[in-house]
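Trainee: Just passing along the structure, written as structure tokens.
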Amino acid sequence: MSDNIEDLKKRLIGDAQDLKALKAIIEQEKILLSENRVSELEPLTNQKSELLSRIRESARQKIHLLVQIGFRPDQGEPSKFIQSLGDAALLAHWQDAHQALVDCQFHNEVNGRIVSHLQRRVSRLSDIIRGKDLQPALYGASGKQQRMGGGQVLASA
């Protein structure tokens, strides 16, 4: 069992490093997106895909190691099980990897908002070019712009 714990520690250290590298790539993507240098994203996308594949494979292996150590999915979250093992170093590595994952998710959400904004801008420019900009646009319940045609009622008394 102690060999499995050591393997899990090594895997978590590798995950934290991979996730920090992924965060750096996501931050580079943000810069390119915010500067509208979309054509330069492809190499970053390839690097990101390789890292994500490695992270997914590591997650699969971590699950096997946790099961070998005694974790059962019906027991709840793996973090509680790891905490119950009483290995401070293992818990620290788990928390470090978890925090790196949370950081990646946050930065990826920011990039998603930037991409969404760019898509709306392109759509708006496309509407202007096609001459569809004559219709008024209001925000709907979902917070997105909706074109109002002549047949739609905005309000009634």
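Chains: A, B, ... in order of the structure tokens. Residues: from 1 per chain. Ligands: from 1, in order shown.
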I want to know what sits within 7 Å of range 76-91 of chain A, based on only C-alpha atoms, with residues of the same chain fewer than 4 positions away left out; could you give that as a list of chain:residue names?

Mentor: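 Surrounding residues, per the criterion: A:Lys9, A:Phe71, A:Gln95.
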
Trainee: Could you write those residues out with all heavy atoms, as a PDB file, in the first residue's frame?

Mentor:
ATOM      1  N   LYS A   9       1.604  10.104  -4.892  1.00  0.00           N
ATOM      2  CA  LYS A   9       2.294  11.375  -4.633  1.00  0.00           C
ATOM      3  C   LYS A   9       3.022  11.853  -5.891  1.00  0.00           C
ATOM      4  O   LYS A   9       2.922  13.022  -6.271  1.00  0.00           O
ATOM      5  CB  LYS A   9       3.301  11.225  -3.486  1.00  0.00           C
ATOM      6  CG  LYS A   9       2.692  11.130  -2.120  1.00  0.00           C
ATOM      7  CD  LYS A   9       3.790  10.958  -1.076  1.00  0.00           C
ATOM      8  CE  LYS A   9       3.243  10.670   0.295  1.00  0.00           C
ATOM      9  NZ  LYS A   9       4.318  10.410   1.286  1.00  0.00           N
ATOM     10  N   PHE A  71      -9.823   3.239  -1.473  1.00  0.00           N
ATOM     11  CA  PHE A  71     -10.917   4.183  -1.720  1.00  0.00           C
ATOM     12  C   PHE A  71     -12.054   3.508  -2.472  1.00  0.00           C
ATOM     13  O   PHE A  71     -11.843   2.723  -3.386  1.00  0.00           O
ATOM     14  CB  PHE A  71     -10.405   5.374  -2.545  1.00  0.00           C
ATOM     15  CG  PHE A  71     -11.487   6.314  -2.989  1.00  0.00           C
ATOM     16  CD1 PHE A  71     -12.121   7.138  -2.071  1.00  0.00           C
ATOM     17  CD2 PHE A  71     -11.863   6.382  -4.322  1.00  0.00           C
ATOM     18  CE1 PHE A  71     -13.122   8.009  -2.480  1.00  0.00           C
ATOM     19  CE2 PHE A  71     -12.859   7.251  -4.736  1.00  0.00           C
ATOM     20  CZ  PHE A  71     -13.486   8.068  -3.819  1.00  0.00           C
ATOM     21  N   GLN A  95      -3.893  18.807  -2.472  1.00  0.00           N
ATOM     22  CA  GLN A  95      -4.413  20.169  -2.420  1.00  0.00           C
ATOM     23  C   GLN A  95      -3.719  21.078  -3.442  1.00  0.00           C
ATOM     24  O   GLN A  95      -4.371  21.926  -4.055  1.00  0.00           O
ATOM     25  CB  GLN A  95      -4.273  20.731  -1.006  1.00  0.00           C
ATOM     26  CG  GLN A  95      -5.206  20.058  -0.024  1.00  0.00           C
ATOM     27  CD  GLN A  95      -4.945  20.443   1.423  1.00  0.00           C
ATOM     28  OE1 GLN A  95      -3.855  20.884   1.782  1.00  0.00           O
ATOM     29  NE2 GLN A  95      -5.953  20.252   2.273  1.00  0.00           N
TER      30      GLN A  95
END

Trainee: Once DSSP has gone over the backbone, tell me which residues of chain A are in strand (DSSP E), as a list in words.

Mentor: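 Selecting the strand (DSSP E) positions of chain A gives Ala137, Leu138, Tyr139, Gln145, Gln146 and Arg147 of chain A.
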
Trainee: Per residue of range 30-139 of chain A within 9 Å of range 11-25 of chain A, what are the shortest atom pair and its distance in Å to one decimal, counting only C-alpha atoms, with rows by chain and residue number, as a tab-separated table?

Mentor:
residue	atom	partner	partner_atom	distance
A:Lys30	CA	A:Ile25	CA	8.6
A:Leu44	CA	A:Ile25	CA	6.4
A:Thr45	CA	A:Ile25	CA	8.5
A:Gln47	CA	A:Ile25	CA	7.9
A:Lys48	CA	A:Leu22	CA	6.4
A:Leu51	CA	A:Asp18	CA	6.6
A:Leu52	CA	A:Leu22	CA	8.0
A:Arg54	CA	A:Asp18	CA	8.1
A:Ile55	CA	A:Asp15	CA	6.5
A:Ser58	CA	A:Arg11	CA	6.8
A:Ala59	CA	A:Asp15	CA	8.6
A:Gln61	CA	A:Arg11	CA	8.4
A:Lys62	CA	A:Arg11	CA	7.1
A:Leu90	CA	A:Leu12	CA	8.3
A:His93	CA	A:Leu12	CA	5.8
A:Trp94	CA	A:Leu12	CA	6.2
A:Asp96	CA	A:Ala16	CA	6.4
A:Ala97	CA	A:Ala16	CA	4.4
A:His98	CA	A:Ala16	CA	7.9
A:Gln99	CA	A:Ala16	CA	8.5
A:Ala100	CA	A:Leu19	CA	5.7
A:Leu101	CA	A:Leu19	CA	6.2
A:Asp103	CA	A:Lys23	CA	7.1
A:Cys104	CA	A:Lys23	CA	5.1
A:Gln105	CA	A:Lys23	CA	8.7
A:His107	CA	A:Lys23	CA	7.2
A:Asn108	CA	A:Lys23	CA	8.3

Trainee: Please save N, CA and C atoms of the selected residues as a compact mmCIF listing (two decimals), in the first residue's frame.

Mentor:
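Output file selection20.txt is given in full below:
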# COMPACT_ATOMS: atom_id res chain seq x y z
N LYS A 30 -5.14 34.00 -23.54
CA LYS A 30 -5.88 35.21 -23.17
C LYS A 30 -5.25 36.43 -23.81
N LEU A 44 -0.55 26.93 -29.60
CA LEU A 44 -0.96 26.83 -28.20
C LEU A 44 -2.05 25.77 -28.03
N THR A 45 -2.95 25.71 -28.99
CA THR A 45 -4.02 24.73 -28.94
C THR A 45 -3.47 23.32 -29.00
N GLN A 47 -0.42 22.37 -28.00
CA GLN A 47 0.24 22.13 -26.71
C GLN A 47 -0.80 21.83 -25.63
N LYS A 48 -1.88 22.58 -25.67
CA LYS A 48 -2.95 22.42 -24.69
C LYS A 48 -3.58 21.03 -24.82
N LEU A 51 -1.25 18.41 -23.29
CA LEU A 51 -1.30 18.46 -21.83
C LEU A 51 -2.59 17.88 -21.29
N LEU A 52 -3.70 18.21 -21.92
CA LEU A 52 -4.99 17.69 -21.45
C LEU A 52 -5.05 16.17 -21.58
N ARG A 54 -2.50 14.15 -21.36
CA ARG A 54 -1.64 13.63 -20.29
C ARG A 54 -2.36 13.73 -18.94
N ILE A 55 -3.07 14.81 -18.72
CA ILE A 55 -3.79 15.01 -17.45
C ILE A 55 -4.93 13.99 -17.33
N SER A 58 -3.46 10.63 -16.50
CA SER A 58 -3.03 10.63 -15.11
C SER A 58 -4.22 10.48 -14.17
N ALA A 59 -5.32 11.12 -14.49
CA ALA A 59 -6.54 11.01 -13.67
C ALA A 59 -7.00 9.56 -13.62
N GLN A 61 -5.17 6.89 -14.01
CA GLN A 61 -4.22 6.13 -13.20
C GLN A 61 -4.37 6.45 -11.71
N LYS A 62 -4.67 7.70 -11.39
CA LYS A 62 -4.88 8.07 -9.99
C LYS A 62 -6.09 7.34 -9.41
N LEU A 90 0.98 13.62 1.24
CA LEU A 90 0.01 13.23 0.22
C LEU A 90 -1.12 14.26 0.15
N HIS A 93 0.10 17.46 -1.54
CA HIS A 93 0.21 17.30 -3.00
C HIS A 93 -1.18 17.30 -3.64
N TRP A 94 -2.14 16.65 -2.97
CA TRP A 94 -3.52 16.62 -3.48
C TRP A 94 -4.08 18.04 -3.54
N ASP A 96 -2.41 20.87 -3.63
CA ASP A 96 -1.67 21.67 -4.62
C ASP A 96 -2.22 21.40 -6.03
N ALA A 97 -2.42 20.13 -6.36
CA ALA A 97 -2.95 19.77 -7.67
C ALA A 97 -4.38 20.30 -7.83
N HIS A 98 -5.17 20.20 -6.77
CA HIS A 98 -6.55 20.70 -6.82
C HIS A 98 -6.57 22.21 -7.05
N GLN A 99 -5.72 22.94 -6.35
CA GLN A 99 -5.67 24.40 -6.51
C GLN A 99 -5.23 24.77 -7.93
N ALA A 100 -4.27 24.03 -8.48
CA ALA A 100 -3.83 24.29 -9.85
C ALA A 100 -4.97 24.05 -10.83
N LEU A 101 -5.79 23.03 -10.57
CA LEU A 101 -6.95 22.75 -11.42
C LEU A 101 -7.97 23.88 -11.33
N ASP A 103 -7.40 26.99 -10.59
CA ASP A 103 -6.82 28.14 -11.29
C ASP A 103 -7.01 28.02 -12.80
N CYS A 104 -6.77 26.82 -13.34
CA CYS A 104 -6.96 26.59 -14.78
C CYS A 104 -8.41 26.81 -15.18
N GLN A 105 -9.33 26.30 -14.37
CA GLN A 105 -10.76 26.46 -14.67
C GLN A 105 -11.14 27.94 -14.69
N HIS A 107 -9.20 30.63 -15.25
CA HIS A 107 -8.62 31.32 -16.40
C HIS A 107 -9.26 30.86 -17.71
N ASN A 108 -9.65 29.61 -17.78
CA ASN A 108 -10.33 29.11 -18.97
C ASN A 108 -11.71 29.76 -19.13
